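Here is the file model20.cif (mmCIF, C-alpha atoms).
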```cif
data_work
#
loop_
_atom_site.group_PDB
_atom_site.id
_atom_site.type_symbol
_atom_site.label_atom_id
_atom_site.label_comp_id
_atom_site.auth_asym_id
_atom_site.auth_seq_id
_atom_site.Cartn_x
_atom_site.Cartn_y
_atom_site.Cartn_z
ATOM 1 C CA MET A 168 -1.793 4.209 27.483
ATOM 2 C CA THR A 169 -1.085 2.307 30.650
ATOM 3 C CA GLY A 170 -2.296 -1.286 30.585
ATOM 4 C CA ALA A 171 -3.632 -3.248 27.653
ATOM 5 C CA ASN A 172 -6.960 -3.995 29.303
ATOM 6 C CA ARG A 173 -8.651 -0.622 28.886
ATOM 7 C CA SER A 174 -11.947 -0.651 27.047
ATOM 8 C CA GLY A 175 -13.774 2.049 25.132
ATOM 9 C CA ILE A 176 -14.662 3.653 21.821
ATOM 10 C CA LEU A 177 -12.196 5.846 19.991
ATOM 11 C CA LEU A 178 -13.001 8.538 17.414
ATOM 12 C CA VAL A 179 -10.151 9.056 14.947
ATOM 13 C CA ASP A 180 -9.809 11.528 12.076
ATOM 14 C CA LYS A 181 -8.289 9.375 9.316
ATOM 15 C CA PRO A 182 -5.790 11.227 7.108
ATOM 16 C CA GLN A 183 -5.653 10.802 3.345
ATOM 17 C CA GLY A 184 -3.444 8.167 1.741
ATOM 18 C CA ILE A 185 -3.735 5.311 4.237
ATOM 19 C CA THR A 186 -6.249 2.523 4.692
ATOM 20 C CA SER A 187 -8.626 2.027 7.579
ATOM 21 C CA HIS A 188 -6.614 -1.096 8.429
ATOM 22 C CA ASP A 189 -3.503 1.098 8.722
ATOM 23 C CA VAL A 190 -5.331 3.180 11.326
ATOM 24 C CA VAL A 191 -6.302 0.038 13.247
ATOM 25 C CA SER A 192 -2.726 -1.273 13.095
ATOM 26 C CA ARG A 193 -1.232 1.951 14.457
ATOM 27 C CA THR A 194 -3.874 2.124 17.173
ATOM 28 C CA ARG A 195 -3.098 -1.451 18.255
ATOM 29 C CA LYS A 196 0.506 -0.457 18.867
ATOM 30 C CA ARG A 197 -0.427 2.636 20.851
ATOM 31 C CA ALA A 198 -3.126 0.850 22.830
ATOM 32 C CA GLY A 199 -0.961 -2.175 23.550
ATOM 33 C CA THR A 200 -3.661 -4.638 22.481
ATOM 34 C CA ARG A 201 -4.614 -6.626 19.399
ATOM 35 C CA LYS A 202 -8.309 -6.206 20.186
ATOM 36 C CA VAL A 203 -9.031 -3.170 18.027
ATOM 37 C CA GLY A 204 -11.740 -3.018 15.368
ATOM 38 C CA HIS A 205 -13.567 -0.366 13.360
ATOM 39 C CA ALA A 206 -17.174 0.379 12.405
ATOM 40 C CA GLY A 207 -17.012 0.972 8.663
ATOM 41 C CA THR A 208 -14.046 1.572 6.382
ATOM 42 C CA LEU A 209 -12.919 4.636 4.492
ATOM 43 C CA ASP A 210 -11.045 4.403 1.188
ATOM 44 C CA PRO A 211 -7.397 5.566 1.214
ATOM 45 C CA MET A 212 -8.438 8.671 -0.736
ATOM 46 C CA ALA A 213 -11.024 9.616 1.885
ATOM 47 C CA THR A 214 -10.484 11.391 5.187
ATOM 48 C CA GLY A 215 -12.585 11.796 8.279
ATOM 49 C CA LEU A 216 -14.299 9.924 11.032
ATOM 50 C CA LEU A 217 -13.398 6.357 11.894
ATOM 51 C CA VAL A 218 -14.991 4.803 14.976
ATOM 52 C CA LEU A 219 -12.734 2.239 16.652
ATOM 53 C CA GLY A 220 -13.498 -0.186 19.458
ATOM 54 C CA ILE A 221 -10.844 -1.178 22.007
ATOM 55 C CA ASN A 222 -10.947 -4.573 23.767
ATOM 56 C CA SER A 223 -14.460 -5.615 24.828
ATOM 57 C CA SER A 224 -15.934 -2.424 23.404
ATOM 58 C CA THR A 225 -15.459 -3.956 19.958
ATOM 59 C CA ARG A 226 -18.762 -5.644 20.826
ATOM 60 C CA LEU A 227 -20.455 -2.258 20.388
ATOM 61 C CA LEU A 228 -19.205 -1.850 16.815
ATOM 62 C CA THR A 229 -21.947 -4.093 15.430
ATOM 63 C CA PHE A 230 -24.470 -1.532 16.609
ATOM 64 C CA LEU A 231 -22.523 1.402 15.107
ATOM 65 C CA VAL A 232 -22.054 0.080 11.571
ATOM 66 C CA GLY A 233 -25.663 0.669 10.537
ATOM 67 C CA LEU A 234 -25.942 4.280 11.706
ATOM 68 C CA ASP A 235 -26.635 7.130 9.282
ATOM 69 C CA LYS A 236 -23.626 9.099 8.064
ATOM 70 C CA GLU A 237 -22.700 12.572 6.819
ATOM 71 C CA TYR A 238 -20.102 13.303 4.141
ATOM 72 C CA PHE A 239 -18.666 16.300 2.351
ATOM 73 C CA ALA A 240 -17.501 15.461 -1.169
ATOM 74 C CA THR A 241 -16.279 16.910 -4.445
ATOM 75 C CA ILE A 242 -17.746 15.498 -7.644
ATOM 76 C CA ARG A 243 -15.977 16.153 -10.936
ATOM 77 C CA LEU A 244 -18.323 16.280 -13.912
ATOM 78 C CA GLY A 245 -16.906 15.638 -17.383
ATOM 79 C CA ALA A 246 -15.102 12.321 -16.939
ATOM 80 C CA SER A 247 -15.925 8.810 -15.770
ATOM 81 C CA THR A 248 -13.384 6.411 -14.260
ATOM 82 C CA SER A 249 -13.063 2.683 -13.668
ATOM 83 C CA THR A 250 -13.412 3.106 -9.907
ATOM 84 C CA ASP A 251 -15.862 6.040 -9.897
ATOM 85 C CA ASP A 252 -13.195 8.085 -8.134
ATOM 86 C CA ALA A 253 -9.920 9.838 -8.905
ATOM 87 C CA GLU A 254 -7.813 6.718 -8.263
ATOM 88 C CA GLY A 255 -9.184 4.816 -11.271
ATOM 89 C CA GLU A 256 -8.392 4.886 -14.970
ATOM 90 C CA THR A 257 -10.275 7.439 -17.062
ATOM 91 C CA LEU A 258 -12.872 5.663 -19.197
ATOM 92 C CA ARG A 259 -14.469 8.595 -21.002
ATOM 93 C CA THR A 260 -13.933 12.342 -21.093
ATOM 94 C CA ALA A 261 -16.546 14.788 -22.328
ATOM 95 C CA ASN A 262 -15.454 17.782 -24.395
ATOM 96 C CA ALA A 263 -15.238 21.091 -22.598
ATOM 97 C CA GLU A 264 -18.133 22.549 -24.605
ATOM 98 C CA SER A 265 -20.490 19.792 -23.440
ATOM 99 C CA VAL A 266 -19.495 20.347 -19.835
ATOM 100 C CA ALA A 267 -19.910 24.121 -20.105
ATOM 101 C CA ALA A 268 -23.351 23.641 -21.663
ATOM 102 C CA VAL A 269 -24.787 21.870 -18.609
ATOM 103 C CA HIS A 270 -27.294 24.241 -17.042
ATOM 104 C CA PRO A 271 -27.291 24.729 -13.260
ATOM 105 C CA GLU A 272 -30.979 23.843 -13.188
ATOM 106 C CA ALA A 273 -30.201 20.483 -14.829
ATOM 107 C CA ILE A 274 -27.695 19.771 -12.071
ATOM 108 C CA ARG A 275 -30.214 20.613 -9.362
ATOM 109 C CA THR A 276 -32.836 18.400 -11.015
ATOM 110 C CA ALA A 277 -30.358 15.521 -11.268
ATOM 111 C CA LEU A 278 -29.368 15.907 -7.624
ATOM 112 C CA ASP A 279 -33.030 15.879 -6.608
ATOM 113 C CA SER A 280 -33.536 12.624 -8.527
ATOM 114 C CA LEU A 281 -30.739 11.043 -6.468
ATOM 115 C CA SER A 282 -32.309 12.091 -3.149
ATOM 116 C CA GLY A 283 -34.724 10.233 -0.931
ATOM 117 C CA VAL A 284 -35.159 6.461 -1.021
ATOM 118 C CA ILE A 285 -33.439 5.342 -4.223
ATOM 119 C CA SER A 286 -32.182 2.152 -5.850
ATOM 120 C CA GLN A 287 -28.383 2.372 -6.088
ATOM 121 C CA VAL A 288 -25.943 0.023 -7.800
ATOM 122 C CA PRO A 289 -22.760 -0.096 -5.671
ATOM 123 C CA SER A 290 -19.403 0.725 -7.245
ATOM 124 C CA SER A 291 -17.679 -2.265 -8.846
ATOM 125 C CA VAL A 292 -14.704 -1.694 -6.519
ATOM 126 C CA SER A 293 -16.797 -1.945 -3.365
ATOM 127 C CA ALA A 294 -16.102 -4.458 -0.603
ATOM 128 C CA ILE A 295 -19.271 -6.412 -1.357
ATOM 129 C CA LYS A 296 -18.616 -10.125 -1.773
ATOM 130 C CA VAL A 297 -19.373 -11.891 -5.060
ATOM 131 C CA ASP A 298 -19.057 -15.674 -4.926
ATOM 132 C CA GLY A 299 -16.944 -15.350 -1.803
ATOM 133 C CA LYS A 300 -14.576 -12.713 -3.189
ATOM 134 C CA ARG A 301 -14.560 -8.961 -2.704
ATOM 135 C CA ALA A 302 -15.902 -7.058 -5.717
ATOM 136 C CA TYR A 303 -12.832 -4.812 -5.786
ATOM 137 C CA THR A 304 -10.542 -7.854 -6.003
ATOM 138 C CA LEU A 305 -12.419 -9.147 -9.034
ATOM 139 C CA ALA A 306 -12.632 -5.726 -10.685
ATOM 140 C CA ARG A 307 -8.924 -5.015 -10.262
ATOM 141 C CA ALA A 308 -8.159 -8.439 -11.744
ATOM 142 C CA GLY A 309 -9.960 -7.342 -14.890
ATOM 143 C CA GLU A 310 -13.152 -9.316 -14.353
ATOM 144 C CA THR A 311 -16.542 -7.828 -15.101
ATOM 145 C CA VAL A 312 -18.420 -7.258 -11.859
ATOM 146 C CA GLU A 313 -22.175 -6.830 -11.840
ATOM 147 C CA LEU A 314 -23.681 -5.942 -8.495
ATOM 148 C CA ALA A 315 -27.366 -5.875 -7.677
ATOM 149 C CA ALA A 316 -29.021 -2.567 -6.927
ATOM 150 C CA ARG A 317 -30.026 -1.969 -3.338
ATOM 151 C CA ALA A 318 -32.323 0.494 -1.644
ATOM 152 C CA VAL A 319 -30.556 3.324 0.202
ATOM 153 C CA THR A 320 -31.823 6.542 1.725
ATOM 154 C CA ILE A 321 -30.196 9.859 0.884
ATOM 155 C CA SER A 322 -31.861 12.298 3.248
ATOM 156 C CA ALA A 323 -29.790 15.286 2.147
ATOM 157 C CA LEU A 324 -27.847 15.981 -1.061
ATOM 158 C CA GLU A 325 -26.943 19.634 -0.849
ATOM 159 C CA LEU A 326 -24.974 21.548 -3.487
ATOM 160 C CA LEU A 327 -22.577 23.859 -1.653
ATOM 161 C CA GLY A 328 -20.713 25.318 -4.617
ATOM 162 C CA SER A 329 -19.362 24.733 -8.118
ATOM 163 C CA ARG A 330 -16.364 25.834 -10.178
ATOM 164 C CA ALA A 331 -14.951 25.241 -13.637
ATOM 165 C CA THR A 332 -11.587 23.426 -13.559
ATOM 166 C CA ASP A 333 -9.558 22.626 -16.689
ATOM 167 C CA GLY A 334 -12.608 21.830 -18.794
ATOM 168 C CA PHE A 335 -14.403 20.016 -15.991
ATOM 169 C CA LEU A 336 -17.022 21.159 -13.502
ATOM 170 C CA ASP A 337 -16.358 20.456 -9.828
ATOM 171 C CA LEU A 338 -19.282 20.322 -7.434
ATOM 172 C CA ASP A 339 -18.937 20.494 -3.656
ATOM 173 C CA VAL A 340 -21.778 18.633 -1.958
ATOM 174 C CA ARG A 341 -22.949 17.603 1.494
ATOM 175 C CA VAL A 342 -24.564 14.187 1.828
ATOM 176 C CA GLU A 343 -26.589 12.676 4.655
ATOM 177 C CA CYS A 344 -27.341 9.046 3.960
ATOM 178 C CA SER A 345 -28.121 5.612 5.306
ATOM 179 C CA SER A 346 -25.469 3.010 5.920
ATOM 180 C CA GLY A 347 -24.528 1.179 2.736
ATOM 181 C CA THR A 348 -24.710 4.249 0.496
ATOM 182 C CA TYR A 349 -21.785 4.701 -1.900
ATOM 183 C CA ILE A 350 -20.845 8.342 -2.467
ATOM 184 C CA ARG A 351 -18.779 7.285 -5.492
ATOM 185 C CA ALA A 352 -21.961 5.850 -6.984
ATOM 186 C CA ILE A 353 -23.718 9.188 -6.497
ATOM 187 C CA ALA A 354 -20.922 10.870 -8.474
ATOM 188 C CA ARG A 355 -21.126 8.204 -11.190
ATOM 189 C CA ASP A 356 -24.918 8.364 -11.473
ATOM 190 C CA LEU A 357 -24.991 12.167 -11.479
ATOM 191 C CA GLY A 358 -22.512 12.266 -14.357
ATOM 192 C CA GLU A 359 -24.440 9.620 -16.286
ATOM 193 C CA SER A 360 -27.761 11.414 -15.855
ATOM 194 C CA LEU A 361 -26.204 14.605 -17.248
ATOM 195 C CA GLY A 362 -24.586 12.724 -20.127
ATOM 196 C CA ILE A 363 -21.029 13.848 -19.411
ATOM 197 C CA GLY A 364 -19.725 11.360 -16.853
ATOM 198 C CA GLY A 365 -18.672 11.987 -13.295
ATOM 199 C CA HIS A 366 -16.429 10.724 -10.540
ATOM 200 C CA LEU A 367 -15.421 11.547 -6.980
ATOM 201 C CA THR A 368 -12.261 13.568 -6.337
ATOM 202 C CA ALA A 369 -12.528 14.197 -2.584
ATOM 203 C CA LEU A 370 -14.457 12.671 0.303
ATOM 204 C CA ARG A 371 -14.610 13.443 4.003
ATOM 205 C CA ARG A 372 -16.836 11.640 6.502
ATOM 206 C CA THR A 373 -17.945 14.033 9.207
ATOM 207 C CA LYS A 374 -20.568 12.117 11.207
ATOM 208 C CA ILE A 375 -21.578 8.582 12.116
ATOM 209 C CA GLY A 376 -24.834 8.641 14.047
ATOM 210 C CA PRO A 377 -24.338 10.964 17.052
ATOM 211 C CA PHE A 378 -20.540 11.028 16.688
ATOM 212 C CA SER A 379 -18.759 13.896 14.921
ATOM 213 C CA VAL A 380 -15.296 14.253 13.444
ATOM 214 C CA SER A 381 -15.044 17.527 15.365
ATOM 215 C CA ASN A 382 -14.560 15.382 18.491
ATOM 216 C CA ALA A 383 -12.103 12.980 16.858
ATOM 217 C CA ALA A 384 -8.398 12.698 17.628
ATOM 218 C CA GLU A 385 -5.687 13.213 15.018
ATOM 219 C CA LEU A 386 -3.910 9.947 14.247
ATOM 220 C CA GLU A 387 -0.396 11.373 14.434
ATOM 221 C CA THR A 388 -0.891 12.783 17.927
ATOM 222 C CA LEU A 389 -3.293 10.124 19.196
ATOM 223 C CA ASP A 390 -3.308 9.578 22.960
ATOM 224 C CA VAL A 391 -5.498 6.482 23.279
ATOM 225 C CA ALA A 392 -6.093 6.686 27.028
ATOM 226 C CA ALA A 393 -7.046 10.364 26.904
ATOM 227 C CA SER A 394 -9.320 9.939 23.884
ATOM 228 C CA LEU A 395 -11.323 6.837 24.850
ATOM 229 C CA LEU A 396 -15.061 7.166 25.333
ATOM 230 C CA GLY A 397 -16.408 4.830 27.983
ATOM 231 C CA PRO A 398 -18.736 2.059 26.771
ATOM 232 C CA ALA A 399 -21.520 3.245 29.088
ATOM 233 C CA ASP A 400 -21.260 6.774 27.656
ATOM 234 C CA VAL A 401 -21.407 5.453 24.092
ATOM 235 C CA ALA A 402 -24.257 3.037 24.758
ATOM 236 C CA SER A 403 -26.233 5.800 26.476
ATOM 237 C CA ARG A 404 -25.980 7.924 23.307
ATOM 238 C CA LEU A 405 -27.195 5.072 21.141
ATOM 239 C CA PHE A 406 -29.895 3.373 23.209
ATOM 240 C CA PRO A 407 -32.451 3.955 25.959
ATOM 241 C CA VAL A 408 -31.002 3.308 29.428
ATOM 242 C CA TYR A 409 -32.248 0.883 32.055
ATOM 243 C CA THR A 410 -30.641 1.520 35.435
ATOM 244 C CA LEU A 411 -29.969 -1.772 37.192
ATOM 245 C CA SER A 412 -30.094 -2.463 40.890
ATOM 246 C CA ALA A 413 -26.959 -3.994 42.386
ATOM 247 C CA ALA A 414 -28.622 -7.417 42.438
ATOM 248 C CA GLU A 415 -29.792 -7.085 38.827
ATOM 249 C CA ALA A 416 -26.290 -6.116 37.744
ATOM 250 C CA VAL A 417 -24.928 -9.329 39.254
ATOM 251 C CA ASP A 418 -27.661 -11.453 37.699
ATOM 252 C CA LEU A 419 -27.300 -9.909 34.254
ATOM 253 C CA GLY A 420 -23.534 -10.294 34.474
ATOM 254 C CA HIS A 421 -24.125 -14.014 34.943
ATOM 255 C CA GLY A 422 -26.313 -14.118 31.835
ATOM 256 C CA LYS A 423 -29.623 -14.323 33.639
ATOM 257 C CA ARG A 424 -32.829 -12.816 32.336
ATOM 258 C CA LEU A 425 -34.432 -10.048 34.360
ATOM 259 C CA HIS A 426 -38.031 -9.372 35.250
ATOM 260 C CA ALA A 427 -38.187 -5.707 34.312
ATOM 261 C CA ILE A 428 -40.173 -3.110 32.368
ATOM 262 C CA ARG A 429 -38.631 -1.418 29.333
ATOM 263 C CA PRO A 430 -37.776 2.197 30.284
ATOM 264 C CA VAL A 431 -39.344 3.685 27.125
ATOM 265 C CA ASP A 432 -41.698 2.371 24.475
ATOM 266 C CA GLY A 433 -40.167 0.974 21.319
ATOM 267 C CA GLU A 434 -37.987 -1.825 20.079
ATOM 268 C CA GLY A 435 -34.295 -2.543 19.865
ATOM 269 C CA PRO A 436 -31.455 -2.780 22.389
ATOM 270 C CA VAL A 437 -31.458 -1.073 25.761
ATOM 271 C CA ALA A 438 -28.263 -0.193 27.646
ATOM 272 C CA ALA A 439 -28.228 -1.821 31.084
ATOM 273 C CA ILE A 440 -26.162 0.378 33.423
ATOM 274 C CA ALA A 441 -25.041 -0.682 36.899
ATOM 275 C CA PRO A 442 -25.394 1.631 39.935
ATOM 276 C CA ASP A 443 -21.675 2.464 39.662
ATOM 277 C CA GLY A 444 -22.134 3.668 36.049
ATOM 278 C CA ARG A 445 -20.644 0.586 34.387
ATOM 279 C CA LEU A 446 -22.190 -0.831 31.202
ATOM 280 C CA VAL A 447 -23.142 -4.364 32.183
ATOM 281 C CA GLY A 448 -24.667 -5.237 28.830
ATOM 282 C CA LEU A 449 -27.233 -4.603 26.148
ATOM 283 C CA VAL A 450 -30.618 -6.228 26.613
ATOM 284 C CA GLU A 451 -33.802 -6.655 24.624
ATOM 285 C CA PHE A 452 -37.242 -6.614 26.184
ATOM 286 C CA THR A 453 -40.088 -9.014 25.516
ATOM 287 C CA ALA A 454 -43.107 -8.139 27.622
ATOM 288 C CA SER A 455 -41.658 -7.837 31.154
ATOM 289 C CA ILE A 456 -38.511 -9.883 30.522
ATOM 290 C CA ALA A 457 -35.105 -8.399 29.708
ATOM 291 C CA LYS A 458 -32.910 -10.847 27.816
ATOM 292 C CA PRO A 459 -29.145 -10.191 27.508
ATOM 293 C CA LEU A 460 -27.912 -9.546 23.951
ATOM 294 C CA VAL A 461 -24.277 -8.951 24.849
ATOM 295 C CA ASN A 462 -22.495 -8.549 28.173
ATOM 296 C CA PHE A 463 -19.275 -6.761 29.044
ATOM 297 C CA PRO A 464 -16.557 -8.076 31.355
ATOM 298 C CA THR A 465 -15.937 -6.545 34.756
ATOM 299 C CA ASP A 466 -12.146 -6.995 34.706
ATOM 300 C CA GLU A 467 -11.343 -4.239 32.202
ATOM 301 C CA VAL A 468 -10.446 -0.668 33.052
ATOM 302 C CA LEU A 469 -13.213 1.436 31.532
ATOM 303 C CA ALA A 470 -12.403 4.745 29.917
#
```
Starting from the file, give its structure as structure tokens.
Amino acid sequence: MTGANRSGILLVDKPQGITSHDVVSRTRKRAGTRKVGHAGTLDPMATGLLVLGINSSTRLLTFLVGLDKEYFATIRLGASTSTDDAEGETLRTANAESVAAVHPEAIRTALDSLSGVISQVPSSVSAIKVDGKRAYTLARAGETVELAARAVTISALELLGSRATDGFLDLDVRVECSSGTYIRAIARDLGESLGIGGHLTALRRTKIGPFSVSNAAELETLDVAASLLGPADVASRLFPVYTLSAAEAVDLGHGKRLHAIRPVDGEGPVAAIAPDGRLVGLVEFTASIAKPLVNFPTDEVLA
């Protein structure tokens, strides 16, 4: 990447065994800038889509964090763990006969009960803060962590296949869910509802909003400059577009409000694009006034 002042959004396919912070650290070195952030972590065990922001495009990450997501996962029925995944200590193991006795219809019924708008208790090793400390820090220090249930939406929980494995039953599932959903908690709750325990053994994130892992770069061969998505391109996928006049682009760049009509009905941010295709900022409309939410500098090289 030539120059540390390029700006854009980067889609990366995170490999297993490293943290999301590791991905950010390696990307900083390749991009030649410290200004790299991500929109939502993945556990070291998990693989798949990470969305990174470079330089001023980190300002877009706030609007990416809350997007719906898609995952493919493997749930192992027959054992529960301290972390609700394969990296934790085994707490309880069901006998092979109990696992084999679970009827496929019972599994489908349990999956249906975990679909839709549900109340979910996050995993005790989540990144949620409790009294100023991360829940996973407290849990790994041996403290009892009790987290409040929260409403999440699981719009799809599809059973793709199952297989018996060493006295356990492994289920391959596809999940479409709202931001804030814990797939480990789905595995835990499914196992509890069936009375045999459950935990997650594999997880891959395949989509965040309109962005797919199929368009992501491999970390080991990452060419930052070639892989960057321009901020205007990204904003146009996320929000309605208001095309500015040259004079409006200057005014908005100076933080001024605009007298303008929202391009489509609705609420939420609108991408304000200059005549040359540059993302000047995100604005919100009140009646016939467009107020800047966030602006983007003009001195960066846009992807």
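The residue set within 7 Å of stretch 231-237 of chain A, counting all atoms listed in the file and dropping same-chain residues fewer than 6 places from it, reads Ala206, Gly207, Val342, Glu343, Cys344, Ser345, Ser346, Arg372, Thr373, Lys374, Ile375 and Gly376 of chain A.
Between atom CA of A:Ala352 and atom CA of A:Ala267 there is a distance of 22.6 Å.
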request  = Given the file shown, determine the residues that the PyMOL selection byres ((chain A and resi 407-415) around 12) selects; report them as a VMD selection string.
outcome  = chain A and resid 399 to 406 416 to 452 457 459
message = Which residues are close to A:Leu178, i.e. within 8 Å by all atoms listed in the file, leaving aside same-chain residues fewer than 6 positions away? Reply as number ranges by chain.
response = A: 216-219, 378, 380, 382-384, 394-395
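Counting from atom CA of A:Ala318, the distance to atom CA of A:Ser286 is 4.5 Å.
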ask   = What is the atom CA of A:His205 to atom CA of A:Val191 distance in Å?
value = 7.3 Å
ask   = Skipping near chain neighbours, those fewer than 6 positions away, what residues fall within 7 Å of A:Ser329 using all atoms listed in the file, listed as JSON, numbers by chain?
value = {"A": [336, 337, 338, 339]}
message = Applying the PyMOL selection byres ((chain A and resi 263) around 9) to the file I just gave you, which residues come out? Please list them as a ChimeraX atom specification.
response = /A:245,260-262,264-268,333-335
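Among the candidates A:Ser223, A:Ser192, A:Thr241, A:Thr276, the residue lying nearest to A:Leu327 is A:Thr241 (atoms considered: all atoms listed in the file).
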Residue neighbourhood A:Thr320, 8 Å, all atoms listed in the file, exclusion window fewer than 4 positions, as a PyMOL selection string = chain A and resi 282-285+344-345+348
inquiry  = Please list as a PyMOL selection string every residue within 12 Å of A:Ala277, counting all atoms listed in the file and excluding residues in the same chain fewer than 5 positions away.
reply    = chain A and resi 269-272+282+324-326+353-362
request  = Compute the distance from (-31.6, -1.8, -6.7) to each atom, counting only C-alpha atoms, keep the residues with any atom at most 10 Å away, and return them as a list of chain:residue names; use the coordinates of the file.
outcome  = A:Ile285, A:Ser286, A:Gln287, A:Val288, A:Pro289, A:Leu314, A:Ala315, A:Ala316, A:Arg317, A:Ala318, A:Val319
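Considering only C-alpha atoms, the residue among A:Pro182, A:Gly220, A:Pro464, A:Gly255 positioned nearest to A:Glu387 is A:Pro182.
The nearest approach to A:Leu370 among the residues A:Asp210, A:Glu256, A:Asp251, A:Glu313, with all atoms listed in the file taken into account, belongs to A:Asp210.
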